[in-house]
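Undergrad: The structure follows.
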Amino acid sequence: MLDVDHIDVYHGDLQALWKVSLQIGNGERVSLIGANGAGKTTIVESISGLLTPVDGSIRFHGVRIDRMPTHKIVELGICLVPEGKGIFPGMSVFENLELGAFIPESRKIKGKTLEFVYDLFPILQSRKNQISGTLSGGEQQMLAIGRALMSKPKLLMLDEPSLGLAPLIVKNIFRVIQQISESGVSILLVEQNVRIALGITQRAYIIENGRVGMHGNSQSLFNDEQVKSAYLGTSRG
Amino acid sequence: MTELLAQTFVNGINIGALYGLITVGLSLTLGVMKILNIAHGEFLMVGGYFAFWLFKLFNIDPFLSLPLVAIALFLLGGLFYRILLAGVARFHEEVKLKNSLLIGFGLFLIFPQIAITLWTADERAITPAYSGGSLPILNVRVAYVPFAGVIVAIVVILFLHLLLKKTYFGKAVRGTSENWKAAKLMGINVDRTYLITFALGVAMAGLAGVLVGLTQSITPDVGMSWTLKALIVVVLAGIGSVGGAFFAGLILGVVESVGAIFMGPYTVALGLLIFLLILMFRPQGLFGKS
């Protein structure tokens with residue numbers, strides 16, 4: 001459904017991505033792993049239109065989206081949960097969720113989607129009138145994911161959803177991501193915690209210095225000696 | 001003495017409502033777009049002259065011309081955003097603020113010159129037949145026109161408040177002001193939101209201009225003094241609260257008006273003194289969040 005084809009992306013004068021290509025199929029769970037600053041966030045920001053590639057193309061269901069403004073890309077069904085959550089801190093939990101369903105198509109069915117989101121995260125329902133800036137870190141992450149789901153995405157991209165959260169909460173969030181995936185939504189997960197990322201996804205791309213390194217089946221990457229020594233810290237070599 | 005104080009208080013409310021109205025527009029663009037529109041008062045001047053024209057040339061009652069001025073200035077604001085500010089709005093906050101200041105100062109230099117050409121440098125006032133009338137309440141004279149001005153200001157500000165709190169568009173505006181990047185990712189057309197927000201701010205300045213033309217007078221150089229007043233009230237109120245900006249306007253109006261009894265010609269300094277004290281001791285403003 002998503003086809004990123006040899007994109008070059010710059011931050012100002014600095015080139016951040018070199019000929020990056022990746023594909024995501026319908027209903028697939030894919031992760032991007034790699035060190036800090038390798039370009040993972042740049043990739044998802046390019047897909048969602050916050051950055052524009054100078055070369056290469058990005059297609060979603062065959063439609064070129066690399067020159068589209070972000071709001072059009074959201075309307076096509078791609079939603080990004082940005083790193084650091086990016087909620088609207090001064091607005092209530094409910095208002096945040098409402099804004100998640102801003103695009104016309106999702107606004108029509110927002111009552112039903114809201115039930116689905118409250119089902120996944122019951123805490124959001126009990127906190128719906130609370131100002132969202134006063135939620136705990138884990139709750140804010142749940143809100144950020146719930147808000148993204150309100151737009152009824154076909155592809156949900158999550159940038160470091162585990163960042164700064166306690167292990168138990170991380171486990172809970174990844175359980176929900178699994179559930180979301182089972183409801184038919186494709187997932188692109190950016191994650192520094194390689195163990196978790198490979199555990200939950202079917203395929204993975206390793207990003208190194210703005211380029212795609214190894215990629216393939218998550219399970220086989222998990223067992224690969226090179227990956228083990230570089231990212232999992234379990235190899236003797 | 002009490003009568004004098006009461007009368008002064010009423011006068012203070014009259015002028016304060018105008019301060020509130022002019023400030024709400026400035027505060028809206030500053031809070032949502034992070035640009036400081038130094039030319040905000042210039043749009044007040046344009047609104048005032050426009051109503052003056054409608055009154056003089058077509059004999060249209062100034063209160064009836066309010067919606068016309070609002071629509072015309074809304075369109076003018078949208079046009080200015082497209083031509084001058086849309087490019088600036090893309091930059092990050094610091095560059096955006098600096099460039100918007102330069103653009104604002106540019107407009108501040110150009111607008112009065114155009115106004116002198118179009119309307120001459122004479123003072124212009126909108127003077128319908130009923131403009132001198134007043135109603136005595138317990139020895140205090142409540143003049144009709146300024147009182148109606150207060151009502152207009154309250155209605156406009158209430159409208160804006162409800163727009164921001166209750167409508168989907170208003171929530172998009174607030175979301176954009178809190179986190180424009182996240183707003184984009186929710187499918188909000190941030191550029192369009194900025195356009196409408198700026199146009200709304202300009203329209204509100206225009207409405208204030210009609211009321212200034214009715215209760216005081218309009219001259220080509222009237223803009224900057226109103227921008228400065230609005231800046232004082234923004235600092236007094238803090239950014240982000242529509243109601244707060246209005247109340248802070250009323251406070252400044254009353255303080256200036258009462259202060260004039262004791263300080264005479266030095267009253268202007270009173271507003272600046274408040275400005276300094278607030279910046280020193282409560283920089284987030286009376287109604288703003290720290």
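Residue numbering restarts at 1 in every chain; chains get A, B, ... in the order shown in the structure tokens, and ligands count up from 1 in that same order.
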Residues within 10 Å of Gly216 in chain A, please, as a list of chain:residue names. Count only C-alpha atoms; anything in the same chain fewer than 2 positions from it doesn't count.
TA: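 With the cut-off at 10 Å, the set is A:Val30, A:Gln202, A:Arg203, A:Ala204, A:Tyr205, A:Ile206, A:Met214, A:Ser218, A:Gln219, A:Ser220, A:Leu221.
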Undergrad: Can those selected residues be exported to a file as an mmCIF file, in the first residue's frame so that it contains all heavy atoms?
TA:
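Everything below was put into out-v1.cif:
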data_model
loop_
_atom_site.group_PDB
_atom_site.id
_atom_site.type_symbol
_atom_site.label_atom_id
_atom_site.label_comp_id
_atom_site.auth_asym_id
_atom_site.auth_seq_id
_atom_site.Cartn_x
_atom_site.Cartn_y
_atom_site.Cartn_z
ATOM 1 N N VAL A 30 5.355 -3.160 10.316
ATOM 2 C CA VAL A 30 6.748 -2.990 9.912
ATOM 3 C C VAL A 30 7.420 -2.058 10.911
ATOM 4 O O VAL A 30 6.801 -1.105 11.389
ATOM 5 C CB VAL A 30 6.822 -2.387 8.488
ATOM 6 C CG1 VAL A 30 8.258 -2.087 8.104
ATOM 7 C CG2 VAL A 30 6.166 -3.304 7.481
ATOM 8 N N GLN A 202 6.303 -7.779 11.831
ATOM 9 C CA GLN A 202 6.593 -8.899 10.938
ATOM 10 C C GLN A 202 7.870 -8.666 10.134
ATOM 11 O O GLN A 202 8.614 -9.594 9.860
ATOM 12 C CB GLN A 202 5.402 -9.114 9.986
ATOM 13 C CG GLN A 202 4.136 -9.514 10.715
ATOM 14 C CD GLN A 202 2.886 -8.922 10.088
ATOM 15 O OE1 GLN A 202 2.952 -8.003 9.280
ATOM 16 N NE2 GLN A 202 1.733 -9.455 10.468
ATOM 17 N N ARG A 203 8.063 -7.388 9.736
ATOM 18 C CA ARG A 203 9.262 -7.067 8.977
ATOM 19 C C ARG A 203 9.922 -5.842 9.581
ATOM 20 O O ARG A 203 9.262 -5.050 10.257
ATOM 21 C CB ARG A 203 8.926 -6.790 7.509
ATOM 22 C CG ARG A 203 8.718 -8.070 6.678
ATOM 23 C CD ARG A 203 8.690 -7.775 5.185
ATOM 24 N NE ARG A 203 7.779 -6.692 4.850
ATOM 25 C CZ ARG A 203 8.167 -5.561 4.280
ATOM 26 N NH1 ARG A 203 9.420 -5.349 3.976
ATOM 27 N NH2 ARG A 203 7.279 -4.637 3.986
ATOM 28 N N ALA A 204 11.206 -5.689 9.313
ATOM 29 C CA ALA A 204 11.897 -4.523 9.860
ATOM 30 C C ALA A 204 12.951 -4.017 8.890
ATOM 31 O O ALA A 204 13.489 -4.770 8.072
ATOM 32 C CB ALA A 204 12.542 -4.877 11.192
ATOM 33 N N TYR A 205 13.195 -2.716 8.956
ATOM 34 C CA TYR A 205 14.274 -2.084 8.206
ATOM 35 C C TYR A 205 15.246 -1.495 9.225
ATOM 36 O O TYR A 205 14.822 -0.811 10.160
ATOM 37 C CB TYR A 205 13.742 -0.945 7.329
ATOM 38 C CG TYR A 205 12.870 -1.402 6.189
ATOM 39 C CD1 TYR A 205 11.512 -1.656 6.393
ATOM 40 C CD2 TYR A 205 13.384 -1.568 4.905
ATOM 41 C CE1 TYR A 205 10.695 -2.072 5.348
ATOM 42 C CE2 TYR A 205 12.580 -1.973 3.864
ATOM 43 C CZ TYR A 205 11.240 -2.232 4.080
ATOM 44 O OH TYR A 205 10.452 -2.634 3.047
ATOM 45 N N ILE A 206 16.515 -1.763 9.032
ATOM 46 C CA ILE A 206 17.506 -1.150 9.910
ATOM 47 C C ILE A 206 18.049 0.096 9.210
ATOM 48 O O ILE A 206 18.503 0.044 8.067
ATOM 49 C CB ILE A 206 18.644 -2.128 10.237
ATOM 50 C CG1 ILE A 206 18.065 -3.296 11.030
ATOM 51 C CG2 ILE A 206 19.744 -1.430 11.029
ATOM 52 C CD1 ILE A 206 19.058 -4.374 11.371
ATOM 53 N N MET A 214 20.299 -3.407 6.640
ATOM 54 C CA MET A 214 19.634 -4.694 6.465
ATOM 55 C C MET A 214 18.132 -4.532 6.582
ATOM 56 O O MET A 214 17.631 -3.647 7.254
ATOM 57 C CB MET A 214 20.127 -5.645 7.560
ATOM 58 C CG MET A 214 21.490 -6.162 7.213
ATOM 59 S SD MET A 214 22.295 -7.145 8.404
ATOM 60 C CE MET A 214 21.259 -7.927 9.357
ATOM 61 N N SER A 218 11.345 -9.922 10.626
ATOM 62 C CA SER A 218 11.775 -9.507 11.960
ATOM 63 C C SER A 218 12.425 -10.643 12.728
ATOM 64 O O SER A 218 13.440 -10.462 13.404
ATOM 65 C CB SER A 218 10.578 -8.996 12.758
ATOM 66 O OG SER A 218 10.090 -7.820 12.191
ATOM 67 N N GLN A 219 11.844 -11.833 12.617
ATOM 68 C CA GLN A 219 12.351 -12.970 13.359
ATOM 69 C C GLN A 219 13.785 -13.306 12.934
ATOM 70 O O GLN A 219 14.654 -13.514 13.778
ATOM 71 C CB GLN A 219 11.430 -14.193 13.141
ATOM 72 C CG GLN A 219 11.648 -15.327 14.133
ATOM 73 C CD GLN A 219 11.518 -14.838 15.580
ATOM 74 O OE1 GLN A 219 10.587 -14.090 15.911
ATOM 75 N NE2 GLN A 219 12.465 -15.218 16.427
ATOM 76 N N SER A 220 14.024 -13.299 11.618
ATOM 77 C CA SER A 220 15.375 -13.657 11.176
ATOM 78 C C SER A 220 16.382 -12.557 11.516
ATOM 79 O O SER A 220 17.544 -12.836 11.799
ATOM 80 C CB SER A 220 15.395 -13.987 9.681
ATOM 81 O OG SER A 220 14.787 -12.965 8.961
ATOM 82 N N LEU A 221 15.913 -11.285 11.510
ATOM 83 C CA LEU A 221 16.809 -10.207 11.944
ATOM 84 C C LEU A 221 17.162 -10.383 13.416
ATOM 85 O O LEU A 221 18.288 -10.144 13.837
ATOM 86 C CB LEU A 221 16.147 -8.846 11.730
ATOM 87 C CG LEU A 221 16.117 -8.303 10.311
ATOM 88 C CD1 LEU A 221 15.298 -7.024 10.262
ATOM 89 C CD2 LEU A 221 17.524 -8.032 9.806
#
Undergrad: Skipping near chain neighbours, those fewer than 6 positions away, what residues fall within 12 Å of Ala199 in chain B using only C-alpha atoms, listed as a short mmCIF file (atom, residue, chain, number, x, y, z; two decimals) with N, CA and C atoms, in the first residue's frame?
TA:
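Below is the file out_0.cif, written as the result:
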data_model
loop_
_atom_site.label_atom_id
_atom_site.label_comp_id
_atom_site.auth_asym_id
_atom_site.auth_seq_id
_atom_site.Cartn_x
_atom_site.Cartn_y
_atom_site.Cartn_z
N GLY B 25 -8.28 41.15 18.95
CA GLY B 25 -7.80 40.81 17.62
C GLY B 25 -6.28 40.63 17.58
N LEU B 26 -5.57 41.55 18.25
CA LEU B 26 -4.11 41.46 18.28
C LEU B 26 -3.66 40.21 19.01
N LEU B 28 -5.29 37.48 19.42
CA LEU B 28 -5.64 36.27 18.66
C LEU B 28 -4.52 35.92 17.66
N THR B 29 -4.09 36.92 16.88
CA THR B 29 -3.04 36.62 15.90
C THR B 29 -1.71 36.30 16.59
N MET B 33 -0.76 32.58 15.75
CA MET B 33 0.23 32.55 14.67
C MET B 33 1.62 32.90 15.15
N ASN B 37 1.38 41.81 15.12
CA ASN B 37 0.95 42.67 14.04
C ASN B 37 0.97 44.13 14.48
N HIS B 40 -1.75 46.51 13.45
CA HIS B 40 -3.13 46.20 13.86
C HIS B 40 -3.98 47.47 13.94
N PHE B 43 -5.40 48.93 10.72
CA PHE B 43 -6.66 48.36 10.24
C PHE B 43 -7.86 48.98 10.97
N ALA B 70 -17.00 44.74 8.88
CA ALA B 70 -16.43 43.46 9.31
C ALA B 70 -16.10 42.59 8.10
N ILE B 71 -17.03 42.50 7.15
CA ILE B 71 -16.80 41.66 5.98
C ILE B 71 -15.67 42.22 5.12
N ALA B 72 -15.71 43.55 4.90
CA ALA B 72 -14.68 44.17 4.05
C ALA B 72 -13.29 43.99 4.65
N LEU B 73 -13.19 44.21 5.97
CA LEU B 73 -11.88 44.09 6.61
C LEU B 73 -11.44 42.64 6.71
N PHE B 74 -12.40 41.73 6.84
CA PHE B 74 -12.06 40.31 6.85
C PHE B 74 -11.39 39.94 5.52
N LEU B 75 -11.98 40.41 4.43
CA LEU B 75 -11.41 40.13 3.11
C LEU B 75 -10.05 40.81 2.94
N LEU B 76 -9.97 42.08 3.42
CA LEU B 76 -8.71 42.80 3.34
C LEU B 76 -7.62 42.07 4.13
N GLY B 77 -7.99 41.61 5.32
CA GLY B 77 -7.05 40.87 6.16
C GLY B 77 -6.57 39.60 5.47
N GLY B 78 -7.52 38.89 4.87
CA GLY B 78 -7.16 37.66 4.15
C GLY B 78 -6.19 37.95 3.02
N LEU B 79 -6.44 39.05 2.31
CA LEU B 79 -5.57 39.44 1.20
C LEU B 79 -4.16 39.77 1.70
N PHE B 80 -4.09 40.53 2.78
CA PHE B 80 -2.79 40.88 3.35
C PHE B 80 -2.05 39.64 3.81
N TYR B 81 -2.79 38.70 4.39
CA TYR B 81 -2.12 37.48 4.83
C TYR B 81 -1.51 36.76 3.63
N ARG B 82 -2.33 36.62 2.58
CA ARG B 82 -1.85 35.89 1.39
C ARG B 82 -0.61 36.53 0.78
N LEU B 85 2.09 37.70 4.51
CA LEU B 85 2.44 36.91 5.69
C LEU B 85 2.51 35.41 5.45
N ARG B 192 -4.58 27.61 6.07
CA ARG B 192 -5.91 28.21 5.98
C ARG B 192 -6.39 28.71 7.34
N THR B 193 -6.05 27.94 8.38
CA THR B 193 -6.42 28.37 9.73
C THR B 193 -5.76 29.71 10.07
N ALA B 205 -10.39 44.60 14.44
CA ALA B 205 -9.79 45.94 14.48
C ALA B 205 -10.67 46.92 13.72
N GLY B 206 -11.20 46.48 12.58
CA GLY B 206 -12.07 47.34 11.78
C GLY B 206 -13.32 47.74 12.55
#
Undergrad: Report the residues of range 37-176 of chain A whose backbone DSSP state falls under strand (DSSP E), written as an MDAnalysis selection string.
TA: chainID A and resid 55:60 63:64 78:81 155:159
Undergrad: Leaving out Leu30 in chain B and any residue of its chain fewer than 4 positions from it, which residues lie within 12 Å of it when counting only C-alpha atoms, given as a CSV table (one decimal) with all heavy atoms, in the first residue's frame?
TA:
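Written file, result_2.csv:
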chain,number,residue,atom,x,y,z
B,23,THR,N,-7.8,44.8,21.4
B,23,THR,CA,-6.7,43.9,21.9
B,23,THR,C,-7.1,42.5,21.5
B,23,THR,O,-6.1,41.7,21.2
B,23,THR,CB,-6.6,44.0,23.4
B,23,THR,OG1,-6.4,45.4,23.8
B,23,THR,CG2,-5.5,43.1,23.9
B,24,VAL,N,-8.3,42.1,21.6
B,24,VAL,CA,-8.7,40.7,21.3
B,24,VAL,C,-8.2,40.3,19.9
B,24,VAL,O,-7.6,39.2,19.8
B,24,VAL,CB,-10.2,40.5,21.4
B,24,VAL,CG1,-10.6,39.2,20.8
B,24,VAL,CG2,-10.6,40.6,22.9
B,25,GLY,N,-8.3,41.1,18.9
B,25,GLY,CA,-7.8,40.8,17.6
B,25,GLY,C,-6.3,40.6,17.6
B,25,GLY,O,-5.8,39.7,17.0
B,26,LEU,N,-5.6,41.6,18.2
B,26,LEU,CA,-4.1,41.5,18.3
B,26,LEU,C,-3.7,40.2,19.0
B,26,LEU,O,-2.8,39.5,18.6
B,26,LEU,CB,-3.5,42.7,19.0
B,26,LEU,CG,-2.0,42.8,19.0
B,26,LEU,CD1,-1.5,43.3,17.6
B,26,LEU,CD2,-1.5,43.8,20.0
B,34,LYS,N,1.8,33.4,16.4
B,34,LYS,CA,3.0,33.9,16.9
B,34,LYS,C,3.6,35.0,16.1
B,34,LYS,O,4.8,35.0,15.8
B,34,LYS,CB,4.1,32.7,17.1
B,34,LYS,CG,3.5,31.4,17.4
B,34,LYS,CD,3.0,31.3,18.8
B,34,LYS,CE,2.5,29.9,19.2
B,34,LYS,NZ,1.2,29.9,19.9
B,35,ILE,N,2.7,35.8,15.5
B,35,ILE,CA,3.3,37.0,14.9
B,35,ILE,C,2.7,38.2,15.6
B,35,ILE,O,1.5,38.2,16.1
B,35,ILE,CB,2.9,37.1,13.4
B,35,ILE,CG1,1.4,37.2,13.1
B,35,ILE,CG2,3.5,35.9,12.6
B,35,ILE,CD1,1.1,37.7,11.8
B,36,LEU,N,3.5,39.3,15.7
B,36,LEU,CA,3.0,40.5,16.3
B,36,LEU,C,2.7,41.5,15.2
B,36,LEU,O,3.6,42.0,14.5
B,36,LEU,CB,4.1,41.0,17.3
B,36,LEU,CG,3.7,42.2,18.1
B,36,LEU,CD1,2.4,42.0,18.9
B,36,LEU,CD2,4.8,42.6,19.1
B,37,ASN,N,1.4,41.8,15.1
B,37,ASN,CA,0.9,42.7,14.0
B,37,ASN,C,1.0,44.1,14.5
B,37,ASN,O,0.0,44.7,15.0
B,37,ASN,CB,-0.5,42.3,13.6
B,37,ASN,CG,-0.9,43.1,12.4
B,37,ASN,OD1,-0.2,43.8,11.8
B,37,ASN,ND2,-2.2,43.0,12.2
B,38,ILE,N,2.1,44.8,14.3
B,38,ILE,CA,2.3,46.2,14.6
B,38,ILE,C,1.3,47.1,13.9
B,38,ILE,O,0.9,48.2,14.3
B,38,ILE,CB,3.7,46.6,14.4
B,38,ILE,CG1,4.7,46.0,15.4
B,38,ILE,CG2,3.9,48.1,14.4
B,38,ILE,CD1,4.5,46.5,16.8
B,40,HIS,N,-1.7,46.5,13.5
B,40,HIS,CA,-3.1,46.2,13.9
B,40,HIS,C,-4.0,47.5,13.9
B,40,HIS,O,-5.1,47.5,13.5
B,40,HIS,CB,-3.1,45.5,15.2
B,40,HIS,CG,-4.4,44.8,15.6
B,40,HIS,ND1,-5.0,43.8,14.8
B,40,HIS,CD2,-5.2,45.0,16.6
B,40,HIS,CE1,-6.1,43.5,15.4
B,40,HIS,NE2,-6.3,44.2,16.5
B,89,ALA,N,4.9,32.9,7.6
B,89,ALA,CA,4.3,31.9,8.6
B,89,ALA,C,4.9,30.6,8.5
B,89,ALA,O,4.8,29.8,9.5
B,89,ALA,CB,2.8,31.8,8.3
B,93,GLU,N,9.6,30.1,15.0
B,93,GLU,CA,9.0,31.2,15.7
B,93,GLU,C,9.7,32.5,15.7
B,93,GLU,O,9.2,33.6,15.5
B,93,GLU,CB,8.7,30.7,17.2
B,93,GLU,CG,7.2,30.5,17.4
B,93,GLU,CD,7.0,29.8,18.7
B,93,GLU,OE1,7.5,30.3,19.8
B,93,GLU,OE2,6.3,28.8,18.7
B,96,LYS,N,9.8,34.2,12.4
B,96,LYS,CA,8.4,34.6,12.1
B,96,LYS,C,8.1,35.9,12.8
B,96,LYS,O,7.6,36.9,12.2
B,96,LYS,CB,7.5,33.5,12.5
B,96,LYS,CG,6.1,33.6,12.0
B,96,LYS,CD,5.5,32.2,11.9
B,96,LYS,CE,5.1,31.7,13.3
B,96,LYS,NZ,4.2,30.5,13.2
B,97,LEU,N,8.4,36.0,14.1
B,97,LEU,CA,8.1,37.2,14.9
B,97,LEU,C,8.9,38.4,14.4
B,97,LEU,O,8.3,39.4,14.2
B,97,LEU,CB,8.5,36.9,16.4
B,97,LEU,CG,8.0,37.9,17.4
B,97,LEU,CD1,6.5,37.8,17.4
B,97,LEU,CD2,8.5,37.5,18.8
B,100,SER,N,7.6,39.5,11.0
B,100,SER,CA,6.2,40.1,11.1
B,100,SER,C,6.3,41.5,11.6
B,100,SER,O,5.6,42.4,11.2
B,100,SER,CB,5.3,39.2,11.9
B,100,SER,OG,5.7,39.3,13.3
B,101,LEU,N,7.3,41.7,12.5
B,101,LEU,CA,7.5,43.1,13.1
B,101,LEU,C,7.9,44.0,11.9
B,101,LEU,O,7.4,45.1,11.8
B,101,LEU,CB,8.5,43.1,14.1
B,101,LEU,CG,8.1,42.6,15.5
B,101,LEU,CD1,9.3,42.5,16.5
B,101,LEU,CD2,7.1,43.6,16.1
B,177,SER,N,-2.8,26.8,17.6
B,177,SER,CA,-2.0,27.7,18.5
B,177,SER,C,-1.2,26.9,19.5
B,177,SER,O,-0.1,27.3,19.9
B,177,SER,CB,-3.0,28.7,19.2
B,177,SER,OG,-3.0,28.5,20.6
B,194,TYR,N,-4.5,29.9,9.7
B,194,TYR,CA,-3.8,31.1,9.9
B,194,TYR,C,-4.5,32.3,9.1
B,194,TYR,O,-4.7,33.3,9.7
B,194,TYR,CB,-2.3,31.0,9.4
B,194,TYR,CG,-1.4,30.3,10.4
B,194,TYR,CD1,-0.2,29.8,10.0
B,194,TYR,CD2,-1.7,30.1,11.7
B,194,TYR,CE1,0.7,29.2,10.8
B,194,TYR,CE2,-0.9,29.5,12.6
B,194,TYR,CZ,0.3,29.0,12.1
B,194,TYR,OH,1.2,28.4,13.0
B,197,THR,N,-7.7,33.2,10.8
B,197,THR,CA,-7.4,33.8,12.1
B,197,THR,C,-7.0,35.3,11.9
B,197,THR,O,-7.5,36.2,12.6
B,197,THR,CB,-6.3,33.0,12.9
B,197,THR,OG1,-6.7,31.7,13.0
B,197,THR,CG2,-6.1,33.6,14.2
B,198,PHE,N,-6.1,35.5,11.0
B,198,PHE,CA,-5.6,36.8,10.8
B,198,PHE,C,-6.7,37.7,10.3
B,198,PHE,O,-6.8,38.9,10.7
B,198,PHE,CB,-4.4,36.8,9.8
B,198,PHE,CG,-3.7,38.1,9.6
B,198,PHE,CD1,-2.8,38.6,10.5
B,198,PHE,CD2,-4.0,38.9,8.5
B,198,PHE,CE1,-2.2,39.8,10.4
B,198,PHE,CE2,-3.4,40.2,8.4
B,198,PHE,CZ,-2.5,40.6,9.3
B,201,GLY,N,-8.9,38.7,13.1
B,201,GLY,CA,-8.3,39.8,13.9
B,201,GLY,C,-8.4,41.1,13.2
B,201,GLY,O,-8.7,42.1,13.9
B,230,ALA,N,-3.2,48.5,22.6
B,230,ALA,CA,-3.5,47.1,22.6
B,230,ALA,C,-2.3,46.2,23.1
B,230,ALA,O,-2.5,45.2,23.8
B,230,ALA,CB,-3.8,46.6,21.1
B,231,LEU,N,-1.1,46.7,22.9
B,231,LEU,CA,0.1,46.0,23.4
B,231,LEU,C,0.1,46.0,24.9
B,231,LEU,O,0.4,45.0,25.6
B,231,LEU,CB,1.4,46.7,22.8
B,231,LEU,CG,1.7,46.3,21.4
B,231,LEU,CD1,3.0,47.0,21.0
B,231,LEU,CD2,2.0,44.8,21.3
B,234,VAL,N,-2.5,43.6,26.0
B,234,VAL,CA,-2.0,42.2,25.8
B,234,VAL,C,-1.1,41.8,27.0
B,234,VAL,O,-1.3,40.7,27.6
B,234,VAL,CB,-1.3,42.0,24.5
B,234,VAL,CG1,-0.5,40.8,24.5
B,234,VAL,CG2,-2.3,42.0,23.4
B,235,VAL,N,-0.2,42.7,27.3
B,235,VAL,CA,0.7,42.4,28.4
B,235,VAL,C,0.0,42.3,29.7
B,235,VAL,O,0.2,41.4,30.6
B,235,VAL,CB,1.8,43.5,28.5
B,235,VAL,CG1,2.6,43.3,29.8
B,235,VAL,CG2,2.7,43.4,27.3
B,238,GLY,N,-2.2,38.9,29.4
B,238,GLY,CA,-1.6,37.6,29.0
B,238,GLY,C,-2.2,37.1,27.8
B,238,GLY,O,-3.3,37.5,27.4
B,239,ILE,N,-1.5,36.2,27.1
B,239,ILE,CA,-1.9,35.7,25.8
B,239,ILE,C,-2.8,34.5,26.0
B,239,ILE,O,-2.6,33.7,26.9
B,239,ILE,CB,-0.7,35.4,24.9
B,239,ILE,CG1,0.1,36.6,24.6
B,239,ILE,CG2,-1.2,34.7,23.6
B,239,ILE,CD1,1.4,36.3,24.1
B,240,GLY,N,-3.8,34.4,25.2
B,240,GLY,CA,-4.6,33.2,25.1
B,240,GLY,C,-6.0,33.2,25.7
B,240,GLY,O,-6.7,32.2,25.6
B,241,SER,N,-6.4,34.3,26.3
B,241,SER,CA,-7.7,34.3,26.9
B,241,SER,C,-8.5,35.5,26.3
B,241,SER,O,-8.1,36.7,26.4
B,241,SER,CB,-7.7,34.4,28.4
B,241,SER,OG,-8.9,35.0,28.9
Undergrad: List as a PyMOL selection string the protein and nucleic acid residues near Arg174 in chain B, meaning an atom at most 12 Å away when only C-alpha atoms are counted, but skip any in the same chain fewer than 5 places from it.
TA: (chain A and resi 87-92+95-96+99) or (chain B and resi 28-29+31-33+161+163-169+179-180+182-183+188+190+193-194+197+240-242)
Undergrad: Check which residues of chain B sit at most 8 Å from chain A using only C-alpha atoms, and return one row each with the closest pair of atoms and their distance in Å to one decimal, ordered by chain and rising number, as a tab-separated table.
TA:
residue	atom	partner	partner_atom	distance
B:Tyr168	CA	A:Phe102	CA	7.7
B:Lys171	CA	A:Leu99	CA	7.1
B:Ala172	CA	A:Leu99	CA	6.8
B:Gly175	CA	A:Phe88	CA	5.9
B:Glu178	CA	A:Phe88	CA	5.8
B:Asn179	CA	A:Phe88	CA	6.3
B:Lys181	CA	A:Gly86	CA	7.9
B:Ala182	CA	A:Gly86	CA	5.6
B:Lys184	CA	A:His71	CA	5.9
B:Leu185	CA	A:Leu80	CA	6.4
B:Met186	CA	A:Gly100	CA	5.4
B:Gly187	CA	A:His71	CA	3.9
B:Ile188	CA	A:His71	CA	5.6
B:Asn189	CA	A:His71	CA	5.7
Undergrad: Among range 19-186 of chain A, which residues carry a DSSP assignment of alpha helix (DSSP H), reported as a PyMOL selection string?
TA: chain A and resi 40-47+70-76+93-100+104-108+110-120+122-126+137-149+167-182
Undergrad: Would you pick out the contacts of Val222 in chain B at 12 Å or less, using only C-alpha atoms, so that residues sharing its chain but fewer than 6 positions from it are not included, and give the list as a PyMOL selection string?
TA: chain B and resi 39-49+108+111-112+115-116+121-124+209+212-213+216+228-229
Undergrad: Need the shell around range 147-156 of chain B: protein/DNA/RNA residues with any atom at most 9 Å away, counting only C-alpha atoms. Skip same-chain ones fewer than 5 positions apart. Format as a PyMOL selection string?
TA: chain B and resi 13-18+20-21+63+142+161+204+207-208+211-212+214-215+246
Undergrad: Given only C-alpha atoms as the basis, pick out the residue of B:Leu135, B:Met224, B:Ile22, B:Ile126 nearest to Phe105 in chain B.
TA: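 Ranked by minimum distance to Phe105 in chain B, first place goes to B:Met224.
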Undergrad: For CA of Lys19 in chain A and CA of Asp5 in chain A, quote the distance in Å rounded to one decimal.
TA: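 These two atoms are separated by 7.5 Å.
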Undergrad: Work out how far apart CA of Leu252 in chain B and CA of Ala269 in chain B are and give it in Å to one decimal.
TA: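 Pair CA of Leu252 in chain B / CA of Ala269 in chain B returns 11.8 Å.
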Undergrad: Find the residues near Glu256 in chain B: any atom within 8 Å, counting only C-alpha atoms, skip ones fewer than 3 places away on the same chain, and give them as a list in words.
TA: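 Selected residues are Gly12, Leu252, Gly253, Gly259, Ala260, Thr267, Val268, Leu270 and Gly271 of chain B.
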Undergrad: Rounded to one decimal in Å, what is the spacing between CA of Asn217 in chain A and CA of Leu51 in chain A?
TA: 28.2 Å
